[in-house]
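Asker: Take a look at run_4.txt, compact mmCIF, C-alpha atoms:
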```txt
# COMPACT_ATOMS: atom_id res chain seq x y z
CA MET A 1209 -43.15 -75.12 25.25
CA TYR A 1210 -41.71 -78.45 26.29
CA ASN A 1211 -38.31 -77.23 25.17
CA VAL A 1212 -38.67 -74.12 27.28
CA ILE A 1213 -39.49 -76.19 30.35
CA GLN A 1214 -36.58 -78.49 29.64
CA LEU A 1215 -34.28 -75.51 29.25
CA LEU A 1216 -35.49 -74.07 32.54
CA ALA A 1217 -35.04 -77.42 34.28
CA LYS A 1218 -31.53 -77.72 32.99
CA TYR A 1219 -30.29 -74.15 33.27
CA GLY A 1220 -32.89 -72.65 35.59
CA ALA A 1221 -30.43 -72.19 38.43
CA HIS A 1222 -27.94 -70.39 36.21
CA ILE A 1223 -30.63 -68.17 34.78
CA LEU A 1224 -31.89 -67.47 38.28
CA PHE A 1225 -28.36 -66.59 39.35
CA VAL A 1226 -27.96 -64.12 36.53
CA VAL A 1227 -31.38 -62.61 37.18
CA LEU A 1228 -30.73 -62.21 40.89
CA GLU A 1229 -27.32 -60.66 40.29
CA ILE A 1230 -28.82 -58.22 37.83
CA ILE A 1231 -31.46 -57.28 40.41
CA CYS A 1232 -28.76 -56.85 43.06
CA PHE A 1233 -26.57 -54.70 40.87
CA SER A 1234 -29.45 -52.54 39.77
CA LEU A 1235 -30.32 -52.07 43.42
CA ILE A 1236 -26.70 -51.23 44.24
CA ILE A 1237 -26.47 -48.71 41.45
CA ASN A 1238 -29.80 -47.11 42.21
CA TYR A 1239 -29.62 -46.83 45.96
CA ASN A 1240 -25.95 -46.38 46.88
CA LYS A 1241 -24.43 -43.05 46.13
CA ALA A 1242 -20.75 -44.04 45.97
CA GLN A 1243 -21.37 -47.00 43.70
CA LYS A 1244 -23.77 -44.97 41.59
CA ASP A 1245 -21.15 -42.30 41.04
CA ILE A 1246 -18.55 -44.86 40.08
CA PHE A 1247 -21.01 -46.56 37.75
CA ILE A 1248 -22.00 -43.34 36.04
CA ASN A 1249 -18.41 -42.27 35.68
CA SER A 1250 -17.28 -45.62 34.27
CA SER A 1251 -20.19 -45.88 31.90
CA ASN A 1252 -19.51 -42.35 30.72
CA VAL A 1253 -15.91 -43.28 30.02
CA LEU A 1254 -17.03 -46.41 28.21
CA THR A 1255 -19.74 -44.79 26.15
CA SER A 1256 -17.54 -41.87 25.21
CA LYS A 1257 -14.84 -44.35 24.12
CA ILE A 1258 -17.38 -46.17 21.99
CA ALA A 1259 -18.72 -42.92 20.60
CA GLU A 1260 -15.20 -41.82 19.77
CA GLN A 1261 -14.45 -45.04 17.90
CA GLN A 1262 -17.73 -44.84 16.07
CA ASN A 1263 -17.05 -41.26 15.17
CA GLN A 1264 -13.62 -42.12 13.82
CA ILE A 1265 -15.05 -44.83 11.59
CA LEU A 1266 -17.89 -42.62 10.40
CA GLN A 1267 -15.49 -39.76 9.79
CA PHE A 1268 -13.41 -42.01 7.60
CA ALA A 1269 -16.51 -42.90 5.66
CA ARG A 1270 -17.43 -39.23 5.35
CA LEU A 1271 -13.98 -38.10 4.20
CA LYS A 1272 -15.08 -37.93 0.59
CA ASN A 1273 -18.04 -35.68 1.37
CA GLN A 1274 -15.93 -33.49 3.61
CA ASN A 1275 -13.32 -33.18 0.93
CA ASP A 1276 -15.95 -32.20 -1.60
CA SER A 1277 -17.37 -29.52 0.64
CA LEU A 1278 -13.89 -28.24 1.43
CA MET A 1279 -13.16 -28.00 -2.25
CA ILE A 1280 -16.29 -25.95 -2.81
CA GLU A 1281 -15.30 -23.71 0.06
CA ASN A 1282 -11.80 -23.38 -1.36
CA ALA A 1283 -13.21 -22.50 -4.73
CA ASN A 1284 -15.17 -19.67 -3.15
CA LEU A 1285 -12.12 -18.45 -1.25
CA ILE A 1286 -9.96 -18.45 -4.35
CA GLU A 1287 -12.70 -16.61 -6.23
CA ASN A 1288 -12.64 -14.00 -3.50
CA LEU A 1289 -8.86 -13.76 -3.68
CA ILE A 1290 -9.01 -13.20 -7.40
CA SER A 1291 -11.71 -10.58 -6.93
CA ILE A 1292 -9.63 -8.82 -4.29
CA ASP A 1293 -6.66 -8.75 -6.63
CA TYR A 1294 -8.86 -7.00 -9.17
CA ALA A 1295 -10.49 -4.73 -6.67
CA SER A 1296 -7.12 -3.49 -5.45
CA ASP A 1297 -6.13 -2.43 -8.95
CA LYS A 1298 -5.92 1.29 -9.51
CA ILE A 1299 -8.40 1.20 -12.37
CA PRO A 1300 -11.94 1.62 -11.10
CA ASN A 1301 -13.84 -1.55 -11.76
CA PRO A 1302 -17.47 -2.05 -12.47
CA ASP A 1303 -19.10 -4.16 -9.79
CA SER A 1304 -19.66 -7.02 -12.16
CA ILE A 1305 -15.95 -7.66 -12.50
CA LEU A 1306 -15.93 -8.99 -8.96
CA ASN A 1307 -17.96 -11.89 -10.20
CA GLN A 1308 -16.21 -12.30 -13.48
CA TYR A 1309 -14.52 -15.50 -12.40
CA SER A 1310 -16.12 -18.45 -10.70
CA LEU A 1311 -14.46 -21.75 -9.91
CA ILE A 1312 -15.67 -25.30 -10.43
CA PRO A 1313 -14.00 -27.86 -8.17
CA ALA A 1314 -13.11 -31.16 -9.84
CA TYR A 1315 -11.09 -34.31 -9.17
CA ILE A 1316 -8.21 -35.31 -11.37
CA ILE A 1317 -8.87 -38.91 -12.32
CA ASN A 1318 -6.08 -39.46 -14.77
CA ASN A 1319 -2.72 -37.78 -14.96
CA THR A 1320 0.62 -38.20 -16.65
CA THR A 1321 3.76 -36.16 -16.15
CA HIS A 1322 6.46 -38.26 -17.77
CA LEU A 1323 5.48 -37.84 -21.42
CA ARG A 1324 6.44 -35.05 -23.71
CA ASN A 1325 2.77 -34.06 -24.07
CA ASN A 1326 0.86 -34.66 -20.87
CA TYR A 1327 -2.89 -34.56 -20.29
CA PHE A 1328 -5.19 -34.67 -17.30
CA THR A 1329 -8.70 -35.99 -17.13
CA LEU A 1330 -11.21 -34.37 -14.78
CA ASN A 1331 -14.32 -36.01 -13.40
CA LYS A 1332 -16.58 -33.18 -14.47
CA GLY A 1333 -17.64 -32.09 -17.89
CA SER A 1334 -19.97 -29.79 -19.75
CA ARG A 1335 -22.87 -30.68 -17.44
CA GLU A 1336 -21.07 -28.88 -14.64
CA GLY A 1337 -20.31 -25.92 -16.87
CA ILE A 1338 -16.80 -26.76 -18.03
CA ARG A 1339 -16.06 -25.53 -21.55
CA LYS A 1340 -13.15 -25.69 -23.92
CA ASP A 1341 -10.25 -23.26 -23.25
CA MET A 1342 -10.96 -22.72 -19.58
CA GLY A 1343 -8.00 -22.47 -17.26
CA VAL A 1344 -7.39 -25.02 -14.54
CA VAL A 1345 -5.65 -24.20 -11.26
CA SER A 1346 -4.80 -26.46 -8.35
CA SER A 1347 -5.15 -23.72 -5.76
CA HIS A 1348 -4.34 -20.04 -5.58
CA LYS A 1349 -0.77 -21.23 -5.78
CA GLY A 1350 -0.29 -22.93 -9.06
CA ILE A 1351 -1.84 -23.41 -12.42
CA VAL A 1352 -2.44 -26.84 -13.88
CA GLY A 1353 -3.45 -26.48 -17.47
CA ILE A 1354 -6.11 -25.59 -20.00
CA VAL A 1355 -9.23 -27.54 -20.89
CA ARG A 1356 -8.91 -29.03 -24.35
CA ASN A 1357 -11.89 -31.31 -24.86
CA VAL A 1358 -15.11 -31.69 -22.94
CA ASN A 1359 -17.90 -34.21 -23.05
CA ASP A 1360 -20.89 -34.53 -20.77
CA ASN A 1361 -19.11 -35.92 -17.73
CA PHE A 1362 -15.40 -35.57 -18.30
CA ALA A 1363 -12.93 -32.98 -19.38
CA SER A 1364 -9.53 -33.45 -20.88
CA VAL A 1365 -6.95 -30.88 -19.82
CA ILE A 1366 -3.71 -29.99 -21.50
CA SER A 1367 -1.21 -30.09 -18.71
CA LEU A 1368 1.30 -27.32 -18.20
CA LEU A 1369 3.79 -30.02 -19.00
CA HIS A 1370 2.98 -30.06 -22.68
CA SER A 1371 5.14 -29.05 -25.62
CA GLN A 1372 2.39 -26.75 -26.93
CA THR A 1373 1.72 -24.92 -23.68
CA ARG A 1374 1.90 -21.16 -24.03
CA ILE A 1375 0.76 -19.20 -21.02
CA SER A 1376 1.12 -15.49 -20.67
CA CYS A 1377 2.93 -14.75 -17.41
CA ALA A 1378 4.41 -11.76 -15.67
CA ILE A 1379 6.75 -11.22 -12.76
CA LYS A 1380 5.22 -9.85 -9.65
CA ASN A 1381 5.92 -6.17 -8.99
CA ARG A 1382 8.01 -5.87 -12.15
CA LEU A 1383 7.22 -4.78 -15.63
CA GLY A 1384 6.96 -6.82 -18.78
CA HIS A 1385 5.41 -10.12 -19.52
CA GLY A 1386 6.45 -13.32 -21.19
CA THR A 1387 5.34 -16.75 -22.20
CA LEU A 1388 5.61 -19.84 -20.06
CA VAL A 1389 6.72 -22.92 -21.97
CA TRP A 1390 7.89 -26.38 -21.06
CA LYS A 1391 11.16 -27.21 -22.73
CA ASN A 1392 12.83 -29.78 -20.54
CA MET A 1393 11.36 -32.98 -19.25
CA ASP A 1394 11.54 -31.83 -15.64
CA PRO A 1395 8.01 -31.77 -14.21
CA LEU A 1396 8.97 -29.11 -11.64
CA ARG A 1397 10.62 -26.56 -13.93
CA MET A 1398 9.38 -24.49 -16.85
CA ASN A 1399 10.85 -21.72 -18.89
CA LEU A 1400 9.68 -18.16 -19.15
CA GLU A 1401 10.52 -16.60 -22.48
CA SER A 1402 10.42 -13.21 -24.11
CA ILE A 1403 10.83 -11.04 -21.04
CA PRO A 1404 12.83 -8.17 -22.55
CA LYS A 1405 16.38 -8.05 -21.23
CA HIS A 1406 16.19 -4.38 -20.26
CA GLU A 1407 13.73 -5.23 -17.46
CA LYS A 1408 15.23 -5.83 -14.04
CA ILE A 1409 14.61 -9.24 -12.57
CA ALA A 1410 16.16 -11.23 -9.76
CA ILE A 1411 16.41 -14.83 -8.65
CA GLY A 1412 13.54 -15.62 -6.29
CA ASP A 1413 11.03 -13.32 -7.98
CA THR A 1414 7.53 -14.70 -8.11
CA VAL A 1415 6.04 -15.49 -11.49
CA ILE A 1416 2.31 -14.85 -11.79
CA THR A 1417 -0.22 -15.05 -14.56
CA SER A 1418 -0.50 -11.82 -16.47
CA GLY A 1419 -4.23 -11.88 -17.06
CA TYR A 1420 -3.73 -11.21 -20.78
CA SER A 1421 -5.83 -14.19 -21.76
CA THR A 1422 -9.34 -15.32 -21.08
CA MET A 1423 -8.14 -18.44 -19.32
CA PHE A 1424 -6.45 -17.22 -16.19
CA PRO A 1425 -7.18 -14.12 -14.15
CA LYS A 1426 -4.28 -11.93 -13.26
CA GLY A 1427 -2.17 -12.75 -10.25
CA ILE A 1428 -2.37 -16.51 -9.89
CA LEU A 1429 0.96 -17.66 -8.57
CA VAL A 1430 2.93 -19.95 -10.84
CA GLY A 1431 6.43 -20.35 -9.47
CA LYS A 1432 9.71 -18.72 -8.58
CA ILE A 1433 12.60 -17.71 -10.72
CA GLU A 1434 15.32 -20.23 -10.06
CA MET A 1435 17.88 -19.10 -12.59
CA TYR A 1436 18.16 -16.74 -15.51
CA ASN A 1437 20.61 -15.79 -18.21
CA VAL A 1438 20.72 -13.94 -21.48
CA VAL A 1439 21.56 -15.94 -24.54
CA PRO A 1440 24.14 -13.96 -26.58
CA GLY A 1441 22.50 -12.19 -29.46
CA SER A 1442 19.06 -12.60 -27.97
CA ASN A 1443 16.85 -9.78 -26.93
CA SER A 1444 15.25 -11.42 -23.97
CA TYR A 1445 16.00 -13.38 -20.85
CA ASN A 1446 16.00 -17.13 -20.65
CA ILE A 1447 14.41 -17.79 -17.27
CA VAL A 1448 13.99 -21.09 -15.48
CA VAL A 1449 10.90 -21.09 -13.25
CA ARG A 1450 10.44 -23.58 -10.45
CA LEU A 1451 6.73 -24.35 -10.11
CA PHE A 1452 5.02 -24.03 -6.76
CA ASN A 1453 2.91 -27.12 -7.21
CA ASP A 1454 4.10 -30.58 -8.09
CA LEU A 1455 1.89 -31.66 -10.94
CA SER A 1456 2.66 -35.32 -10.42
CA ASN A 1457 0.75 -35.60 -7.15
CA ILE A 1458 -2.19 -33.24 -7.34
CA GLN A 1459 -5.57 -34.83 -6.81
CA TYR A 1460 -8.08 -32.06 -7.27
CA CYS A 1461 -8.23 -28.77 -9.04
CA TYR A 1462 -10.52 -25.88 -9.92
CA VAL A 1463 -11.65 -24.96 -13.36
CA ILE A 1464 -11.83 -21.21 -13.87
CA GLN A 1465 -15.01 -20.05 -15.49
CA ASN A 1466 -14.64 -16.62 -17.06
CA ARG A 1467 -18.05 -15.12 -17.61
CA PHE A 1468 -16.86 -12.64 -20.25
CA ALA A 1469 -14.51 -14.95 -22.12
CA ALA A 1470 -16.80 -15.23 -25.12
CA GLU A 1471 -17.19 -11.47 -25.41
CA GLN A 1472 -13.46 -10.91 -25.17
CA THR A 1473 -12.53 -13.54 -27.74
CA GLN A 1474 -15.21 -12.37 -30.11
CA LEU A 1475 -13.90 -8.83 -29.99
CA GLU A 1476 -10.32 -9.98 -30.44
CA LYS A 1477 -11.31 -12.08 -33.44
CA GLU A 1478 -13.07 -9.15 -35.04
CA VAL A 1479 -9.87 -7.14 -34.72
CA GLU A 1480 -7.85 -9.98 -36.24
CA ASN A 1481 -10.22 -10.29 -39.17
CA GLU A 1482 -10.10 -6.66 -40.09
CA MET B 310 -34.02 -84.92 56.12
CA ASN B 311 -37.31 -83.41 57.15
CA ASN B 312 -35.58 -81.77 60.04
CA ALA B 313 -33.20 -80.04 57.69
CA ILE B 314 -35.65 -77.32 56.68
CA PRO B 315 -36.58 -76.00 60.16
CA THR B 316 -32.97 -76.36 61.29
CA ASN B 317 -31.78 -74.29 58.39
CA ILE B 318 -34.46 -71.66 58.89
CA ILE B 319 -33.51 -71.38 62.56
CA ARG B 320 -29.84 -71.17 61.62
CA PHE B 321 -30.63 -68.43 59.14
CA ILE B 322 -32.44 -66.41 61.77
CA ILE B 323 -29.78 -66.96 64.43
CA LEU B 324 -26.94 -66.08 62.07
CA TYR B 325 -28.81 -63.04 60.83
CA LEU B 326 -29.46 -61.77 64.31
CA ALA B 327 -25.91 -62.53 65.41
CA GLN B 328 -24.53 -60.72 62.43
CA ILE B 329 -26.56 -57.54 62.78
CA MET B 330 -26.73 -57.39 66.57
CA ILE B 331 -23.24 -58.47 67.55
CA PHE B 332 -20.79 -58.57 64.67
CA LYS B 333 -22.04 -55.46 62.92
CA GLN B 334 -21.10 -53.44 65.98
CA VAL B 335 -17.57 -54.81 66.13
CA THR B 336 -15.28 -53.19 63.66
CA PHE B 337 -11.62 -52.71 64.41
CA SER B 338 -9.61 -50.26 62.51
CA LEU B 339 -5.97 -50.36 61.59
CA GLY B 340 -4.19 -47.21 60.56
CA GLY B 341 -7.30 -45.08 60.46
CA ILE B 342 -9.17 -47.26 57.94
CA ALA B 343 -11.52 -50.02 59.03
CA TYR B 344 -10.03 -53.23 57.75
CA ILE B 345 -11.50 -55.77 60.16
CA HIS B 346 -15.09 -56.75 59.67
CA PHE B 347 -16.70 -59.86 61.09
CA ILE B 348 -18.57 -61.60 58.30
CA ILE B 349 -20.07 -64.86 59.49
CA TYR B 350 -23.43 -64.93 57.73
CA PRO B 351 -22.19 -66.87 54.65
CA LEU B 352 -22.19 -69.83 57.02
CA ALA B 353 -25.98 -69.98 56.62
CA ILE B 354 -25.58 -70.70 52.92
CA LEU B 355 -22.46 -72.80 53.25
CA LEU B 356 -24.00 -75.13 55.82
CA MET B 357 -27.12 -76.00 53.85
CA PRO B 358 -27.30 -79.71 52.88
CA VAL B 359 -24.99 -80.80 50.10
CA LYS B 360 -27.76 -81.82 47.72
CA THR B 361 -29.86 -78.65 48.12
CA PRO B 362 -31.05 -77.50 44.68
CA ARG B 363 -29.17 -74.50 43.39
CA ALA B 364 -32.31 -72.43 42.93
CA VAL B 365 -33.18 -72.81 46.60
CA LEU B 366 -29.67 -71.75 47.57
CA LEU B 367 -29.85 -68.70 45.33
CA ILE B 368 -33.23 -67.55 46.60
CA ALA B 369 -32.22 -68.12 50.21
CA ALA B 370 -29.04 -66.15 49.62
CA PHE B 371 -30.95 -63.34 47.96
CA VAL B 372 -33.43 -63.04 50.82
CA MET B 373 -30.68 -63.23 53.45
CA GLY B 374 -28.61 -60.68 51.57
CA LEU B 375 -31.45 -58.21 51.24
CA ALA B 376 -32.31 -58.60 54.92
CA LEU B 377 -28.69 -57.85 55.81
CA ASP B 378 -28.62 -54.91 53.45
CA MET B 379 -31.56 -53.38 55.26
CA ALA B 380 -29.61 -53.55 58.48
CA TYR B 381 -26.35 -52.40 56.92
CA ASP B 382 -28.02 -49.67 54.87
CA SER B 383 -26.19 -50.82 51.76
CA VAL B 384 -28.91 -51.90 49.36
CA GLY B 385 -27.92 -54.84 47.20
CA ILE B 386 -24.27 -55.24 48.12
CA HIS B 387 -24.60 -58.13 50.57
CA ALA B 388 -27.26 -59.69 48.39
CA ALA B 389 -25.07 -59.61 45.30
CA ALA B 390 -22.10 -61.11 47.13
CA LEU B 391 -24.15 -63.77 48.87
CA VAL B 392 -25.96 -64.82 45.69
CA PHE B 393 -22.58 -65.21 44.07
CA THR B 394 -21.36 -67.33 46.99
CA ALA B 395 -24.46 -69.49 46.80
CA TYR B 396 -23.87 -69.98 43.11
CA ILE B 397 -20.23 -70.91 43.55
CA ARG B 398 -20.90 -73.18 46.57
CA ASN B 399 -21.77 -76.26 44.55
CA ILE B 400 -18.62 -75.87 42.52
CA ILE B 401 -16.52 -75.81 45.70
CA ILE B 402 -18.33 -78.87 47.00
CA ALA B 403 -17.75 -80.71 43.74
CA PHE B 404 -14.12 -79.65 43.83
CA LEU B 405 -13.66 -81.02 47.36
CA GLU B 406 -15.64 -84.20 46.76
CA PRO B 407 -14.27 -87.10 48.82
CA PHE B 408 -13.24 -90.38 47.24
CA ASP B 409 -16.56 -92.12 47.88
CA GLY B 410 -18.79 -89.16 46.98
CA TYR B 411 -21.53 -87.52 49.02
CA SER B 412 -24.67 -89.14 50.33
CA VAL B 413 -28.06 -87.50 49.98
CA ALA B 414 -28.31 -86.60 53.62
CA ASP B 415 -24.84 -85.06 53.89
CA VAL B 416 -24.58 -81.71 55.57
CA PRO B 417 -21.24 -79.95 55.25
CA THR B 418 -20.31 -79.95 58.92
CA VAL B 419 -17.25 -81.00 60.88
CA LYS B 420 -19.07 -83.98 62.26
CA GLN B 421 -20.14 -85.47 58.98
CA LEU B 422 -17.31 -84.71 56.58
CA GLY B 423 -14.33 -84.29 58.83
CA PHE B 424 -12.29 -81.39 60.18
CA GLY B 425 -9.90 -81.09 57.23
CA TRP B 426 -12.67 -81.08 54.67
CA PHE B 427 -14.65 -78.56 56.69
CA MET B 428 -11.66 -76.25 57.10
CA SER B 429 -10.88 -76.15 53.38
CA TYR B 430 -14.54 -75.82 52.44
CA ILE B 431 -15.24 -72.93 54.79
CA SER B 432 -11.99 -71.15 54.01
CA ILE B 433 -12.52 -71.26 50.25
CA GLY B 434 -16.17 -70.25 50.44
CA LEU B 435 -15.60 -67.53 52.99
CA LEU B 436 -12.58 -66.10 51.20
CA ILE B 437 -14.47 -65.90 47.93
CA HIS B 438 -17.45 -64.34 49.62
CA ILE B 439 -15.44 -61.72 51.46
CA PHE B 440 -13.41 -60.85 48.41
CA VAL B 441 -16.52 -60.50 46.26
CA TYR B 442 -18.24 -58.50 48.97
CA PHE B 443 -15.46 -55.95 49.27
CA SER B 444 -15.03 -55.77 45.53
CA ILE B 445 -18.70 -54.95 45.07
CA GLU B 446 -18.56 -52.50 47.94
CA ALA B 447 -15.63 -50.68 46.39
CA PHE B 448 -17.21 -51.18 42.96
CA SER B 449 -13.95 -50.49 41.19
CA PHE B 450 -10.62 -52.25 41.10
CA VAL B 451 -8.95 -48.89 41.40
CA TYR B 452 -9.19 -49.60 45.14
CA PHE B 453 -7.48 -52.95 44.84
CA PHE B 454 -5.20 -52.32 47.81
CA GLU B 455 -8.12 -51.56 50.13
CA ILE B 456 -10.07 -54.55 48.84
CA PHE B 457 -7.06 -56.77 49.42
CA LEU B 458 -6.39 -55.58 52.98
CA ASN B 459 -10.05 -55.73 53.92
CA THR B 460 -10.33 -59.23 52.53
CA ILE B 461 -7.27 -60.59 54.31
CA PHE B 462 -7.97 -59.14 57.77
CA SER B 463 -11.71 -59.78 57.69
CA PHE B 464 -11.17 -63.31 56.47
CA ILE B 465 -8.81 -64.17 59.31
CA VAL B 466 -11.07 -62.94 62.10
CA SER B 467 -14.28 -64.28 60.56
CA PHE B 468 -12.70 -67.65 59.93
CA ILE B 469 -11.56 -67.94 63.54
CA VAL B 470 -15.02 -67.02 64.80
CA ILE B 471 -16.73 -69.54 62.53
CA ILE B 472 -14.44 -72.43 63.45
CA VAL B 473 -14.83 -71.68 67.15
CA THR B 474 -18.62 -71.56 66.90
CA GLN B 475 -18.62 -74.81 64.98
CA PHE B 476 -16.88 -76.51 67.87
CA ILE B 477 -19.21 -74.96 70.41
CA ILE B 478 -22.51 -75.53 68.60
CA ARG B 479 -22.70 -78.83 66.81
CA THR B 480 -25.88 -79.34 64.87
CA LYS B 481 -26.88 -82.62 63.39
CA TYR B 482 -28.18 -81.10 60.15
```
Since I need it in another form, could you write the structure as structure tokens?
Answerer:
Amino acid sequence: MYNVIQLLAKYGAHILFVVLEIICFSLIINYNKAQKDIFINSSNVLTSKIAEQQNQILQFARLKNQNDSLMIENANLIENLISIDYASDKIPNPDSILNQYSLIPAYIINNTTHLRNNYFTLNKGSREGIRKDMGVVSSHKGIVGIVRNVNDNFASVISLLHSQTRISCAIKNRLGHGTLVWKNMDPLRMNLESIPKHEKIAIGDTVITSGYSTMFPKGILVGKIEMYNVVPGSNSYNIVVRLFNDLSNIQYCYVIQNRFAAEQTQLEKEVENE
Amino acid sequence: MNNAIPTNIIRFIILYLAQIMIFKQVTFSLGGIAYIHFIIYPLAILLMPVKTPRAVLLIAAFVMGLALDMAYDSVGIHAAALVFTAYIRNIIIAFLEPFDGYSVADVPTVKQLGFGWFMSYISIGLLIHIFVYFSIEAFSFVYFFEIFLNTIFSFIVSFIVIIVTQFIIRTKY
């Protein structure tokens, strides 16, 4: 209490000054129209500036969540695209085929592209429904690889850039299909083999997945034909495909879940065993 | 010293009446905009005895300012400016302190502290008051040009009026 009195004795006049000025300004703002308008306008500008700054900071903090939700949205859109590709086929489809594929968004947390055999690691595993031999795409434009091993929380993916990669591909609007392999060490180019040389192809044709496996649905874009030739004595083209996506800088991807994969493989195995 | 209080109260009343009855009516305009206002009421605060406590100055200024605002129909503007002037007054006095300091009974008038001192004291105080007053009236430095012109012209005329009245009416306190 004594301190308070001492403070008032020492700074009372200054405090009084501040108090009186505050009273005056509140009077000015409340009872004078011109000043009130200016005050409201200025404070609006100020508060909106502050709100904007705050929003920017918060948005930065929320980027991760936004990205996650966008990925889920993208997954749905790509699912729809795949379904539309199937629906536009001439063969009448049962309704269930529209939902044959569903996509699981995931982040790539480890990635190499400079080795002969490259692998990715995803941040989701069997808990999210990822199983062995599922296909992985980075968007509708570009495949990434095939799931090799899964544990509870992580999945290891064989990259496209792997010496053992064999993916069945076709050329859009043309006949025949071949196998996509990675022969050179160039992370942007792959080779498409065993397209018979009597088929007509041209530079710039789009290479898509053929849909002849359980991993990838038909029609996912892979790349463009950059160059082709026929090796003498061979029966098929040697095609260099330039990939649409650069595997060295992708950050997230979608794992393709094929609901009927087990059925299909089981049937195919039965045929093989006969 | 005892005479100082009634003298000051009378001076307050006279200056208040003079301001609202005479000088409020006189406003010259230049180029369509009123730039010349007579503002003499800060004299009431500026002429209070040197050693007046700051709190008394502030409250006196607040009351005077509100009374003027009632007449001018501009709630708070004169009060805010005059409270500021009352607050800054002691700083000006300290700034202009003569070599041998002030005595307790000193009143800042021509008679007691000399013409030169009085001129600089009144000009600084009045200029600050007028500038603050027009700034608060405009309420935004977007109108800096208007504030500046108003301040300069009003200061000149008000200063002349104050100096003249100081030579006509010489109070002891």
Asker: Between A:Ile1351, A:Leu1228, A:Val1463, A:Leu1323, single out the one closest to chain B, counting all atoms listed in the file.
Answerer: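 The answer is A:Leu1228, which sits nearest to chain B.
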Asker: Just give me the residues with any atom within 12 Å of (-26.0, -64.8, 38.6), file coordinates, counting only C-alpha atoms, written as a PyMOL selection string.
Answerer: (chain A and resi 1219-1233) or (chain B and resi 363-364+366-368+370-371+388-397)
Asker: Within 12 Å of region 312-325 of chain B, which residues of region 365-407 of chain B come that close, and what is the closest atom pair and distance in Å for each? Count only C-alpha atoms and give it as a Markdown table.
Answerer:
```
| residue | atom | partner | partner_atom | distance |
| --- | --- | --- | --- | --- |
| B:Val365 | CA | B:Ile314 | CA | 11.3 |
| B:Leu366 | CA | B:Asn317 | CA | 11.3 |
| B:Ala369 | CA | B:Phe321 | CA | 9.1 |
| B:Ala370 | CA | B:Phe321 | CA | 9.9 |
| B:Val372 | CA | B:Phe321 | CA | 10.3 |
| B:Met373 | CA | B:Tyr325 | CA | 7.6 |
| B:Gly374 | CA | B:Tyr325 | CA | 9.6 |
| B:Leu375 | CA | B:Tyr325 | CA | 11.1 |
| B:Ala376 | CA | B:Tyr325 | CA | 8.2 |
| B:Leu377 | CA | B:Tyr325 | CA | 7.2 |
| B:Asp378 | CA | B:Tyr325 | CA | 11.0 |
| B:Met379 | CA | B:Tyr325 | CA | 11.5 |
| B:Ala380 | CA | B:Tyr325 | CA | 9.8 |
| B:Tyr381 | CA | B:Tyr325 | CA | 11.6 |
```
Asker: Considering all atoms listed in the file, state which residue in the set A:Thr1473, A:Thr1414, A:Asn1466, A:Gln1243 is at the smallest distance from Arg1339 (chain A).
Answerer: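 Using all atoms listed in the file, the shortest distance to Arg1339 (chain A) belongs to A:Asn1466.
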Asker: Which residues are close to region 430-441 of chain B, i.e. within 9 Å by only C-alpha atoms, leaving aside same-chain residues fewer than 4 positions away? Reply as number ranges by chain.
Answerer: B: 348-349, 351-352, 355, 389-391, 393-394, 397-398, 401-402, 405, 417, 425-426, 445-446, 456-457, 459-461, 463-464, 467-468, 471-472
Asker: I'd like the contact shell of Asn1359 (chain A) - 12 Å cut-off, all atoms listed in the file, skipping same-chain residues fewer than 4 positions apart - returned as an NGL selection string.
Answerer: :A and (1329-1340 or 1355 or 1363-1365)
Asker: Give me, please, the distance in Å between CA of Phe448 (chain B) and CA of Phe1247 (chain A), quoted to one decimal.
Answerer: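 Distance between the two atoms: 7.9 Å.
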Asker: Using CA of Thr418 (chain B) and CA of Leu356 (chain B) as the two end points, give the distance in Å to one decimal.
Answerer: 6.8 Å
Asker: For CA of Thr1417 (chain A) and CA of Trp1390 (chain A), quote the distance in Å rounded to one decimal.
Answerer: 15.4 Å
Asker: Contacts of region 1386-1389 of chain A at 9 Å or less, counting only C-alpha atoms, minus same-chain residues fewer than 4 places along, as a list in words?
Answerer: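 The contact residues come out as Leu1368, Leu1369, His1370, Ser1371, Gln1372, Thr1373, Arg1374, Ile1375, Ser1376, Cys1377, Ala1378, Ile1379, Met1398, Asn1399, Leu1400, Glu1401, Ser1402, Ile1403, Pro1404, Ser1418 and Val1449 of chain A.
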Asker: Using only the atoms of region 1336-1341 of chain A listed in the file, plus 6 Å on each side, state the axis-aligned box centre and edge lengths in Å rounded to one decimal, as JSON.
Answerer:
```
{"center_x": -15.7, "center_y": -26.1, "center_z": -19.3, "size_x": 22.8, "size_y": 17.6, "size_z": 21.3}
```
Asker: Taking only C-alpha atoms into account, which of B:Val466, B:Ile400, B:Val384, B:Val416 comes nearest chain A?
Answerer: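 Nearest to chain A: B:Val384.
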Asker: Can you tell me, as a CSV table (one decimal) with C-alpha atoms, in the frame of the given file, what residues are no more than 10 Å from Asn1453 (chain A) when counting all atoms listed in the file, ignoring any on the same chain fewer than 5 positions away?
Answerer:
```
chain,number,residue,atom,x,y,z
A,1345,VAL,CA,-5.6,-24.2,-11.3
A,1346,SER,CA,-4.8,-26.5,-8.4
A,1347,SER,CA,-5.2,-23.7,-5.8
A,1349,LYS,CA,-0.8,-21.2,-5.8
A,1350,GLY,CA,-0.3,-22.9,-9.1
A,1351,ILE,CA,-1.8,-23.4,-12.4
A,1352,VAL,CA,-2.4,-26.8,-13.9
A,1395,PRO,CA,8.0,-31.8,-14.2
A,1396,LEU,CA,9.0,-29.1,-11.6
A,1429,LEU,CA,1.0,-17.7,-8.6
A,1430,VAL,CA,2.9,-20.0,-10.8
A,1431,GLY,CA,6.4,-20.4,-9.5
A,1458,ILE,CA,-2.2,-33.2,-7.3
```
